[in-house]
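model_25.txt follows; it contains compact mmCIF, C-alpha atoms and all ligand atoms.
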# COMPACT_ATOMS: atom_id res chain seq x y z
CA MET A 1 -64.18 -5.67 47.46
CA PRO A 2 -66.03 -4.95 44.17
CA GLN A 3 -64.12 -2.76 41.71
CA PRO A 4 -65.62 0.53 40.48
CA PRO A 5 -66.80 0.46 36.84
CA ALA A 6 -63.80 2.43 35.54
CA GLN A 7 -61.35 -0.08 37.04
CA ARG A 8 -63.35 -3.01 35.60
CA LYS A 9 -63.35 -1.35 32.18
CA ALA A 10 -59.58 -0.75 32.45
CA ARG A 11 -58.94 -4.41 33.12
CA ARG A 12 -60.97 -5.44 30.09
CA LEU A 13 -58.76 -3.28 27.86
CA VAL A 14 -55.54 -5.06 28.81
CA PRO A 15 -55.69 -8.09 26.45
CA ARG A 16 -56.65 -5.87 23.48
CA LEU A 17 -53.79 -3.47 24.15
CA LEU A 18 -51.28 -6.31 24.49
CA SER A 19 -52.44 -8.08 21.37
CA TRP A 20 -52.33 -4.84 19.35
CA TYR A 21 -48.85 -4.00 20.65
CA GLY A 22 -47.58 -7.48 19.74
CA LYS A 23 -48.55 -6.82 16.11
CA HIS A 24 -47.87 -3.11 15.72
CA ALA A 25 -44.92 -2.15 17.92
CA ARG A 26 -42.28 -0.21 16.02
CA ASP A 27 -38.83 -1.75 15.97
CA LEU A 28 -36.94 0.90 17.95
CA PRO A 29 -33.31 0.28 18.92
CA TRP A 30 -33.91 0.59 22.67
CA ARG A 31 -36.70 -1.99 22.41
CA ARG A 32 -34.15 -4.64 21.45
CA THR A 33 -32.63 -4.63 24.94
CA ARG A 34 -33.64 -4.97 28.58
CA ASP A 35 -30.49 -3.17 29.74
CA PRO A 36 -31.81 -0.61 32.25
CA TYR A 37 -28.99 1.80 31.44
CA ALA A 38 -29.89 1.81 27.72
CA ILE A 39 -33.60 2.18 28.51
CA TRP A 40 -32.90 5.00 30.96
CA ILE A 41 -30.91 6.92 28.33
CA SER A 42 -33.72 6.46 25.78
CA GLU A 43 -36.40 7.62 28.24
CA ILE A 44 -34.49 10.77 29.17
CA MET A 45 -33.77 11.59 25.51
CA LEU A 46 -37.42 11.03 24.58
CA GLN A 47 -38.62 13.68 27.04
CA GLN A 48 -39.66 16.66 24.86
CA THR A 49 -38.07 15.05 21.79
CA GLN A 50 -39.45 13.02 18.86
CA VAL A 51 -38.46 9.38 18.32
CA ALA A 52 -36.97 10.05 14.86
CA THR A 53 -34.67 12.72 16.32
CA VAL A 54 -33.66 10.57 19.27
CA ILE A 55 -32.61 7.42 17.35
CA PRO A 56 -29.25 8.72 15.99
CA TYR A 57 -28.48 10.47 19.29
CA TRP A 58 -29.18 7.31 21.28
CA GLU A 59 -27.10 5.14 18.96
CA ARG A 60 -24.16 7.56 19.07
CA TRP A 61 -24.41 7.82 22.87
CA MET A 62 -24.50 4.05 23.35
CA ARG A 63 -21.43 3.61 21.15
CA ALA A 64 -19.51 6.31 23.05
CA LEU A 65 -20.75 5.58 26.59
CA PRO A 66 -22.11 2.02 26.66
CA THR A 67 -22.34 1.62 30.46
CA VAL A 68 -23.01 3.58 33.64
CA ASN A 69 -19.30 3.34 34.36
CA HIS A 70 -18.38 4.97 31.03
CA LEU A 71 -20.87 7.77 31.65
CA ALA A 72 -19.66 8.42 35.20
CA ARG A 73 -16.05 8.66 34.06
CA ALA A 74 -16.62 10.73 30.89
CA LYS A 75 -15.51 14.35 30.70
CA PRO A 76 -18.56 16.59 31.23
CA GLU A 77 -17.74 18.37 27.97
CA HIS A 78 -17.89 15.04 26.10
CA VAL A 79 -21.31 14.32 27.62
CA LEU A 80 -22.60 17.76 26.58
CA LYS A 81 -21.18 17.28 23.07
CA LEU A 82 -23.12 14.00 22.72
CA TRP A 83 -26.26 15.84 23.81
CA GLU A 84 -25.70 18.91 21.61
CA GLY A 85 -28.84 19.73 19.64
CA LEU A 86 -31.27 17.84 21.90
CA GLY A 87 -31.83 20.88 24.14
CA TYR A 88 -32.87 20.93 27.80
CA TYR A 89 -29.25 20.30 28.72
CA SER A 90 -29.92 19.81 32.42
CA ARG A 91 -31.01 16.33 31.32
CA ALA A 92 -27.44 15.49 30.27
CA ARG A 93 -25.97 16.90 33.46
CA ASN A 94 -28.47 14.95 35.57
CA LEU A 95 -27.61 11.74 33.71
CA GLN A 96 -23.98 12.10 34.68
CA ALA A 97 -24.80 13.08 38.27
CA ALA A 98 -27.02 9.97 38.50
CA ALA A 99 -24.23 7.79 37.06
CA HIS A 100 -21.91 9.03 39.82
CA LEU A 101 -24.53 8.11 42.44
CA ILE A 102 -25.03 4.66 40.92
CA LEU A 103 -21.28 4.02 41.20
CA LYS A 104 -21.20 5.33 44.75
CA ASN A 105 -24.39 3.84 46.18
CA HIS A 106 -25.16 0.81 43.98
CA GLN A 107 -21.71 -0.54 43.07
CA GLY A 108 -22.24 0.52 39.45
CA GLN A 109 -25.39 -1.64 39.03
CA PHE A 110 -28.49 0.21 37.88
CA PRO A 111 -30.93 -0.04 40.84
CA ASN A 112 -33.90 -2.34 40.35
CA SER A 113 -36.40 -0.89 42.81
CA PRO A 114 -38.78 1.91 41.75
CA GLU A 115 -37.94 3.91 44.90
CA ALA A 116 -34.17 3.77 44.29
CA ILE A 117 -34.66 4.62 40.60
CA ARG A 118 -36.82 7.59 41.49
CA ALA A 119 -34.22 8.87 43.94
CA LEU A 120 -31.76 9.45 41.07
CA PRO A 121 -31.38 13.02 39.75
CA GLY A 122 -33.60 13.86 36.78
CA ILE A 123 -35.98 10.93 37.30
CA GLY A 124 -39.62 11.68 38.12
CA ARG A 125 -42.57 9.38 38.64
CA TYR A 126 -43.16 8.74 34.92
CA THR A 127 -39.53 7.89 34.10
CA ALA A 128 -39.19 5.68 37.18
CA GLY A 129 -42.34 3.82 36.10
CA ALA A 130 -41.08 3.46 32.52
CA ILE A 131 -37.66 2.07 33.53
CA SER A 132 -39.12 -0.18 36.25
CA SER A 133 -41.69 -1.70 33.92
CA ILE A 134 -39.65 -1.94 30.70
CA ALA A 135 -36.31 -3.06 32.16
CA PHE A 136 -37.49 -5.02 35.22
CA ASN A 137 -41.09 -5.89 34.26
CA LEU A 138 -42.39 -4.36 37.50
CA PRO A 139 -46.09 -3.37 37.68
CA GLU A 140 -45.36 0.37 37.90
CA PRO A 141 -47.75 2.79 36.15
CA ILE A 142 -46.81 5.53 33.70
CA VAL A 143 -48.73 8.72 32.95
CA ASP A 144 -47.29 11.20 30.46
CA GLY A 145 -48.90 13.39 27.77
CA ASN A 146 -49.67 10.37 25.54
CA VAL A 147 -51.22 8.35 28.34
CA VAL A 148 -53.22 11.34 29.58
CA ARG A 149 -54.70 11.71 26.10
CA ILE A 150 -55.61 8.03 25.77
CA LEU A 151 -57.09 7.65 29.25
CA THR A 152 -59.05 10.91 29.29
CA ARG A 153 -60.58 9.96 25.92
CA LEU A 154 -61.24 6.33 26.82
CA PHE A 155 -62.93 7.31 30.07
CA GLY A 156 -64.54 10.55 28.83
CA GLN A 157 -62.75 12.77 31.35
CA ARG A 158 -63.32 16.41 30.42
CA GLU A 159 -61.67 18.12 33.40
CA ASP A 160 -58.32 19.92 33.23
CA PRO A 161 -55.77 17.09 33.01
CA LYS A 162 -53.40 19.11 35.20
CA ALA A 163 -55.95 19.21 38.05
CA LYS A 164 -54.87 17.11 41.02
CA VAL A 165 -58.09 15.10 41.22
CA LEU A 166 -57.92 14.01 37.60
CA GLN A 167 -54.19 13.36 37.82
CA SER A 168 -54.70 10.98 40.70
CA LYS A 169 -57.57 9.25 38.86
CA LEU A 170 -55.36 8.76 35.78
CA TRP A 171 -52.46 7.33 37.81
CA SER A 172 -54.89 4.96 39.47
CA LEU A 173 -56.27 3.80 36.08
CA ALA A 174 -52.72 3.37 34.71
CA GLU A 175 -51.92 1.29 37.78
CA THR A 176 -54.98 -0.91 37.24
CA LEU A 177 -53.92 -1.46 33.63
CA VAL A 178 -50.34 -2.47 34.41
CA ARG A 179 -51.34 -4.61 37.40
CA GLY A 180 -53.75 -6.51 35.13
CA THR A 181 -50.98 -8.29 33.24
CA GLU A 182 -47.79 -10.27 33.70
CA ASP A 183 -46.18 -8.44 30.77
CA CYS A 184 -45.86 -5.00 32.36
CA ALA A 185 -43.17 -3.94 29.88
CA ALA A 186 -45.46 -4.60 26.90
CA LEU A 187 -48.53 -3.03 28.50
CA ASN A 188 -46.86 0.29 29.30
CA GLN A 189 -45.18 0.39 25.91
CA ALA A 190 -48.54 -0.34 24.28
CA LEU A 191 -49.90 2.84 25.89
CA MET A 192 -46.87 4.85 24.73
CA GLU A 193 -47.17 3.41 21.22
CA LEU A 194 -50.91 3.94 20.93
CA GLY A 195 -50.50 7.59 21.94
CA ALA A 196 -47.61 8.14 19.54
CA THR A 197 -48.98 6.37 16.47
CA VAL A 198 -52.81 6.19 16.67
CA CYS A 199 -54.41 8.41 19.31
CA HIS A 200 -52.99 11.65 17.90
CA PRO A 201 -53.82 14.96 19.59
CA ARG A 202 -55.63 16.49 16.58
CA SER A 203 -57.00 13.65 14.48
CA PRO A 204 -56.89 10.25 16.15
CA ASN A 205 -57.10 7.19 13.85
CA CYS A 206 -59.92 5.63 15.81
CA THR A 207 -60.63 3.03 13.13
CA ASP A 208 -57.14 1.56 13.72
CA CYS A 209 -57.46 1.65 17.49
CA PRO A 210 -57.70 -1.64 19.41
CA VAL A 211 -59.92 -0.08 22.11
CA GLU A 212 -62.22 1.90 19.83
CA ARG A 213 -65.36 0.06 21.02
CA SER A 214 -64.68 1.05 24.62
CA CYS A 215 -63.74 4.66 23.99
CA THR A 216 -66.19 7.18 25.42
CA ALA A 217 -64.80 10.19 23.50
CA HIS A 218 -65.00 8.28 20.21
CA LYS A 219 -68.58 7.16 20.88
CA GLU A 220 -69.65 10.66 21.91
CA ASN A 221 -67.70 12.33 19.12
CA THR A 222 -65.78 14.50 21.58
CA THR A 223 -62.16 13.61 20.76
CA HIS A 224 -61.61 17.25 19.72
CA LEU A 225 -62.65 18.38 23.23
CA ILE A 226 -60.70 15.81 25.23
CA PRO A 227 -58.24 16.21 26.83
CA ALA A 228 -59.32 19.73 27.85
CA ALA A 229 -56.91 22.43 26.73
CA THR A 230 -54.76 23.83 29.53
CA ALA A 231 -53.79 27.50 29.70
CA ARG A 232 -50.61 28.24 27.74
CA ALA A 233 -47.78 30.09 29.46
CA SER A 234 -47.42 33.56 27.98
CA THR A 235 -44.40 33.97 25.72
CA GLU A 236 -41.49 36.30 26.42
CA VAL A 237 -39.41 37.85 23.65
CA ARG A 238 -35.68 38.31 24.31
CA ARG A 239 -33.08 39.99 22.13
CA ILE A 240 -29.44 39.08 22.61
CA GLU A 241 -26.47 40.85 21.01
CA VAL A 242 -23.73 38.44 20.03
CA TYR A 243 -20.15 39.54 19.36
CA TRP A 244 -18.16 38.12 16.47
CA ILE A 245 -14.57 38.72 17.57
CA THR A 246 -11.77 37.35 15.48
CA ARG A 247 -8.00 37.26 15.51
CA GLY A 248 -6.52 36.06 12.22
CA ASP A 249 -8.41 32.89 11.39
CA ARG A 250 -9.59 32.31 14.96
CA ILE A 251 -12.87 33.19 16.67
CA LEU A 252 -13.36 34.05 20.32
CA LEU A 253 -15.68 31.72 22.23
CA ARG A 254 -16.65 31.71 25.90
CA GLN A 255 -17.93 28.90 28.07
CA ARG A 256 -21.28 29.52 29.74
CA PRO A 257 -20.62 29.89 33.46
CA ASP A 258 -22.09 27.79 36.25
CA GLY A 259 -25.44 29.05 37.44
CA PHE A 260 -26.52 30.00 33.90
CA HIS A 261 -28.85 28.02 31.70
CA ASN A 262 -26.79 25.66 29.46
CA ALA A 263 -23.76 25.95 31.77
CA GLY A 264 -20.67 24.30 30.28
CA PHE A 265 -21.61 24.95 26.66
CA TRP A 266 -19.46 27.19 24.45
CA GLU A 267 -20.85 30.17 22.57
CA LEU A 268 -19.92 33.49 21.03
CA PRO A 269 -19.55 36.25 23.66
CA ASN A 270 -22.88 38.00 24.14
CA ASN A 271 -24.59 40.51 26.32
CA GLU A 272 -26.28 37.87 28.44
CA THR A 273 -23.19 36.35 30.08
CA CYS A 274 -20.59 39.08 29.73
CA PRO A 275 -20.86 42.86 30.04
CA SER A 276 -22.41 44.53 27.05
CA ILE A 277 -20.02 45.97 24.49
CA PRO A 278 -21.32 49.36 23.29
CA LEU A 279 -22.13 49.14 19.59
CA PRO A 280 -22.64 52.09 17.21
CA PRO A 281 -26.43 52.40 16.74
CA GLU A 282 -26.20 52.26 12.93
CA LEU A 283 -24.23 48.97 12.91
CA GLU A 284 -25.93 46.26 10.86
CA PRO A 285 -25.87 42.69 12.21
CA LEU A 286 -23.70 40.22 10.29
CA ALA A 287 -26.22 37.46 10.93
CA THR A 288 -29.39 36.83 12.89
CA ALA A 289 -31.00 33.70 14.27
CA ARG A 290 -34.20 32.87 16.07
CA HIS A 291 -34.54 30.21 18.69
CA THR A 292 -37.49 29.10 20.81
CA ILE A 293 -37.04 27.45 24.16
CA THR A 294 -39.97 26.87 26.54
CA LYS A 295 -41.75 30.24 26.74
CA PHE A 296 -38.84 32.29 25.37
CA ARG A 297 -38.70 33.54 21.79
CA ILE A 298 -35.06 34.52 21.43
CA GLN A 299 -33.63 36.66 18.68
CA LEU A 300 -29.85 36.67 18.34
CA LEU A 301 -28.07 39.40 16.41
CA ALA A 302 -24.39 38.90 15.65
CA TYR A 303 -22.16 41.96 15.25
CA ALA A 304 -18.51 42.05 14.24
CA VAL A 305 -16.49 43.74 16.96
CA THR A 306 -12.99 44.81 16.01
CA LYS A 307 -11.70 46.42 19.19
CA PRO A 308 -13.33 44.69 22.15
CA ARG A 309 -12.45 45.31 25.74
CA ALA A 310 -10.32 42.54 27.20
CA LEU A 311 -12.49 39.44 27.11
CA LYS A 312 -11.49 36.04 28.42
CA GLY A 313 -12.27 33.04 26.29
CA ARG A 314 -10.88 30.55 23.85
CA TRP A 315 -9.61 31.38 20.38
CA CYS A 316 -10.91 28.62 18.14
CA GLY A 317 -10.18 27.67 14.57
CA ARG A 318 -13.13 26.63 12.42
CA GLY A 319 -12.19 22.96 12.80
CA GLU A 320 -12.23 23.17 16.60
CA LEU A 321 -15.77 24.52 16.55
CA GLU A 322 -16.98 21.11 15.41
CA SER A 323 -15.59 19.30 18.45
CA LEU A 324 -16.87 21.68 21.14
CA PRO A 325 -20.38 21.50 22.64
CA ILE A 326 -22.13 24.62 21.35
CA THR A 327 -25.75 25.59 22.00
CA ALA A 328 -28.21 25.16 19.10
CA ALA A 329 -28.86 28.92 18.81
CA HIS A 330 -25.15 29.72 18.43
CA ARG A 331 -24.68 26.84 15.98
CA LYS A 332 -27.37 28.46 13.83
CA LEU A 333 -25.45 31.74 13.91
CA LEU A 334 -22.08 30.13 13.24
CA ARG A 335 -23.44 28.46 10.11
CA GLN A 336 -24.33 31.87 8.72
CA LEU A 337 -21.27 33.85 9.76
CA PRO A 338 -18.38 34.38 7.35
CA ALA A 339 -14.91 32.90 7.84
CA PRO A 340 -12.94 35.14 10.27
CA ASN A 341 -10.76 36.81 7.61
CA GLU A 342 -13.85 37.72 5.57
CA ALA A 343 -15.47 39.22 8.68
CA ALA A 344 -12.38 41.36 9.25
CA GLN A 345 -12.68 42.72 5.69
CA THR A 346 -16.44 43.36 6.13
CA THR A 347 -15.84 45.50 9.21
CA ALA A 348 -12.62 47.22 8.13
FE1 LIG A 401 -57.91 7.49 20.94
FE2 LIG A 401 -59.76 7.04 19.08
FE3 LIG A 401 -58.60 5.02 20.36
FE4 LIG A 401 -60.30 6.59 21.61
S1 LIG A 401 -60.77 5.27 19.90
S2 LIG A 401 -58.34 5.89 22.40
S3 LIG A 401 -59.83 8.58 20.70
S4 LIG A 401 -57.61 6.47 18.99

Would you put the structure from the file into structure tokens?
Amino acid sequence: MPQPPAQRKARRLVPRLLSWYGKHARDLPWRRTRDPYAIWISEIMLQQTQVATVIPYWERWMRALPTVNHLARAKPEHVLKLWEGLGYYSRARNLQAAAHLILKNHQGQFPNSPEAIRALPGIGRYTAGAISSIAFNLPEPIVDGNVVRILTRLFGQREDPKAKVLQSKLWSLAETLVRGTEDCAALNQALMELGATVCHPRSPNCTDCPVERSCTAHKENTTHLIPAATARASTEVRRIEVYWITRGDRILLRQRPDGFHNAGFWELPNNETCPSIPLPPELEPLATARHTITKFRIQLLAYAVTKPRALKGRWCGRGELESLPITAAHRKLLRQLPAPNEAAQTTA
């Protein structure tokens, strides 16, 4: 059956993408291995996070938990500590839940079929495609933000990239690309690399692009219009009071309970997870911090509280704070807050 023009064009791009990737691929630590476990960890860390940030996290993780078995048997608090600062902590919890399933259902061997990979917690179609192609060289497509940008520009697709029709067209093109080669690992990584290093969202370096001659958006001078902008979620401002409660040189911390965002992390008591402590209206905060997560703009205000109601928690010395997993927003506050004895003098 004859192929439609878009599929024929996609197949012609394959040798150029592979040749470019062979010359320009960055030397990233997870590219030096075909270990599916190591590639899986890198793919999950890279969701929502830049390569430069991920490298030290990935290296530390692989030293501490080098196999599925190590991850499955690690204390959840250790896993969260290794993830601290990367955000979106459900990713870390899903990794450990998946490691337990791999031990239970696959005798500790990372599964090598796309369906079994996709059945693991925290793994969607993109991540299953990335692991299947990179670790097992299977012809599985990938479509993420980078690939959407490249394909919509190459094929001049101006519709909303979140629309179902365009999504299915893009997955089909990505499938044609990866099925057009024996080196599926290199082809998919070429797309990732081109999106990350050349086909930038704002000002693509088209002169350095291996597929410039075939790119519709470049020819029509519409790269600034493609991909079409999608509606942004409206932001929500939240203000959280945080209580700085000390006893001698120790600080009271509480663990975020199950069912809350960032469950398992430690933080200063606050009015989100424990009942509000009434504060005199004129009280000035000891420190403030701002933190943005998804659509939330969060402002934290830390107040010294000298006579709190009975609060459960853990009294921690400064040194202990370093070893506990603590959310990024509370780390920011802790860096600004005085040593406990100083705080006691401030509020006396
Ligand atoms: Fe992106 Fe430019 Fe290459 Fe087109 S020619 S894929 S816009 S970098």

Counting all atoms listed in the file, the residue of A:Ile117, A:Arg202, A:Gln50, A:Val79 that sits nearest A:Ala64: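 So, comparing all the options, the nearest one is A:Val79.
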
Point-to-point distance in Å for atom CA of A:Ile293 and atom CA of A:Arg256: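 For atom CA of A:Arg256 relative to atom CA of A:Ile293, the distance reads 16.8 Å.
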
Length of the atom CA of A:Lys307 to atom CA of A:Thr288 vector [Å]: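 Separation between atom CA of A:Lys307 and atom CA of A:Thr288: 21.1 Å.
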
Can you pull out the residues contacting A:Arg73? Cut-off 9 Å, using all atoms listed in the file, and skip same-chain residues under 2 positions away; I want them as a short mmCIF file (atom, residue, chain, number, x, y, z; two decimals) with C-alpha atoms, keeping the file's coordinate frame.
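Contents of out-v1.cif, as written:
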data_model
loop_
_atom_site.label_atom_id
_atom_site.label_comp_id
_atom_site.auth_asym_id
_atom_site.auth_seq_id
_atom_site.Cartn_x
_atom_site.Cartn_y
_atom_site.Cartn_z
CA VAL A 68 -23.01 3.58 33.64
CA ASN A 69 -19.30 3.34 34.36
CA HIS A 70 -18.38 4.97 31.03
CA LEU A 71 -20.87 7.77 31.65
CA LYS A 75 -15.51 14.35 30.70
CA PRO A 76 -18.56 16.59 31.23
CA GLN A 96 -23.98 12.10 34.68
CA ALA A 99 -24.23 7.79 37.06
CA HIS A 100 -21.91 9.03 39.82
#

Distance of atom S2 of ligand LIG 401 (chain A) from atom CA of A:Cys209, expressed in Å to one decimal place: 6.5 Å

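Using only C-alpha atoms for every distance, the candidate list A:Met192, A:Leu28, A:Ala74, A:Cys199 yields A:Leu28 as the residue closest to A:Pro56.
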
Please write N, CA and C atoms of stretch 100-125 of chain A, from the structure given just now, as an mmCIF file, in the first residue's frame.
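Output below, filename result38.cif:
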data_model
loop_
_atom_site.group_PDB
_atom_site.id
_atom_site.type_symbol
_atom_site.label_atom_id
_atom_site.label_comp_id
_atom_site.auth_asym_id
_atom_site.auth_seq_id
_atom_site.Cartn_x
_atom_site.Cartn_y
_atom_site.Cartn_z
ATOM 1 N N HIS A 100 9.298 -2.819 43.673
ATOM 2 C CA HIS A 100 8.665 -3.937 44.396
ATOM 3 C C HIS A 100 7.955 -4.876 43.418
ATOM 4 N N LEU A 101 7.253 -4.280 42.436
ATOM 5 C CA LEU A 101 6.536 -5.122 41.456
ATOM 6 C C LEU A 101 7.511 -5.922 40.585
ATOM 7 N N ILE A 102 8.643 -5.304 40.250
ATOM 8 C CA ILE A 102 9.628 -6.017 39.411
ATOM 9 C C ILE A 102 10.180 -7.227 40.181
ATOM 10 N N LEU A 103 10.393 -7.047 41.489
ATOM 11 C CA LEU A 103 10.856 -8.195 42.291
ATOM 12 C C LEU A 103 9.775 -9.275 42.336
ATOM 13 N N LYS A 104 8.541 -8.825 42.524
ATOM 14 C CA LYS A 104 7.449 -9.784 42.716
ATOM 15 C C LYS A 104 7.066 -10.492 41.397
ATOM 16 N N ASN A 105 6.945 -9.721 40.329
ATOM 17 C CA ASN A 105 6.392 -10.291 39.099
ATOM 18 C C ASN A 105 7.424 -10.658 38.036
ATOM 19 N N HIS A 106 8.654 -10.124 38.161
ATOM 20 C CA HIS A 106 9.646 -10.364 37.096
ATOM 21 C C HIS A 106 10.966 -10.892 37.659
ATOM 22 N N GLN A 107 10.914 -11.474 38.814
ATOM 23 C CA GLN A 107 12.120 -12.055 39.465
ATOM 24 C C GLN A 107 13.281 -11.062 39.536
ATOM 25 N N GLY A 108 12.961 -9.797 39.689
ATOM 26 C CA GLY A 108 14.011 -8.781 39.852
ATOM 27 C C GLY A 108 14.629 -8.315 38.549
ATOM 28 N N GLN A 109 14.203 -8.903 37.407
ATOM 29 C CA GLN A 109 14.748 -8.485 36.096
ATOM 30 C C GLN A 109 13.846 -7.401 35.517
ATOM 31 N N PHE A 110 14.423 -6.305 35.061
ATOM 32 C CA PHE A 110 13.604 -5.255 34.460
ATOM 33 C C PHE A 110 12.898 -5.840 33.233
ATOM 34 N N PRO A 111 11.562 -5.703 33.110
ATOM 35 C CA PRO A 111 10.869 -6.336 31.984
ATOM 36 C C PRO A 111 11.331 -5.765 30.647
ATOM 37 N N ASN A 112 11.301 -6.617 29.609
ATOM 38 C CA ASN A 112 11.798 -6.156 28.312
ATOM 39 C C ASN A 112 10.702 -6.061 27.253
ATOM 40 N N SER A 113 9.439 -6.063 27.683
ATOM 41 C CA SER A 113 8.377 -5.833 26.689
ATOM 42 C C SER A 113 7.727 -4.485 26.987
ATOM 43 N N PRO A 114 7.390 -3.720 25.931
ATOM 44 C CA PRO A 114 6.793 -2.392 26.143
ATOM 45 C C PRO A 114 5.535 -2.457 27.004
ATOM 46 N N GLU A 115 4.729 -3.517 26.834
ATOM 47 C CA GLU A 115 3.480 -3.618 27.604
ATOM 48 C C GLU A 115 3.782 -3.791 29.082
ATOM 49 N N ALA A 116 4.745 -4.661 29.405
ATOM 50 C CA ALA A 116 5.079 -4.897 30.823
ATOM 51 C C ALA A 116 5.731 -3.655 31.421
ATOM 52 N N ILE A 117 6.526 -2.941 30.630
ATOM 53 C CA ILE A 117 7.171 -1.719 31.147
ATOM 54 C C ILE A 117 6.085 -0.687 31.449
ATOM 55 N N ARG A 118 5.148 -0.572 30.535
ATOM 56 C CA ARG A 118 4.101 0.437 30.708
ATOM 57 C C ARG A 118 3.175 0.119 31.878
ATOM 58 N N ALA A 119 3.114 -1.134 32.265
ATOM 59 C CA ALA A 119 2.230 -1.518 33.379
ATOM 60 C C ALA A 119 2.826 -1.118 34.737
ATOM 61 N N LEU A 120 4.085 -0.677 34.754
ATOM 62 C CA LEU A 120 4.706 -0.304 36.039
ATOM 63 C C LEU A 120 4.212 1.072 36.482
ATOM 64 N N PRO A 121 4.107 1.297 37.797
ATOM 65 C CA PRO A 121 3.628 2.602 38.272
ATOM 66 C C PRO A 121 4.536 3.740 37.810
ATOM 67 N N GLY A 122 3.933 4.844 37.409
ATOM 68 C CA GLY A 122 4.700 6.041 37.046
ATOM 69 C C GLY A 122 5.240 6.014 35.627
ATOM 70 N N ILE A 123 4.893 4.985 34.851
ATOM 71 C CA ILE A 123 5.417 4.904 33.476
ATOM 72 C C ILE A 123 4.272 5.068 32.479
ATOM 73 N N GLY A 124 4.343 6.126 31.688
ATOM 74 C CA GLY A 124 3.333 6.377 30.659
ATOM 75 C C GLY A 124 3.874 5.951 29.304
ATOM 76 N N ARG A 125 3.154 6.334 28.268
ATOM 77 C CA ARG A 125 3.505 5.881 26.915
ATOM 78 C C ARG A 125 4.901 6.381 26.499
#
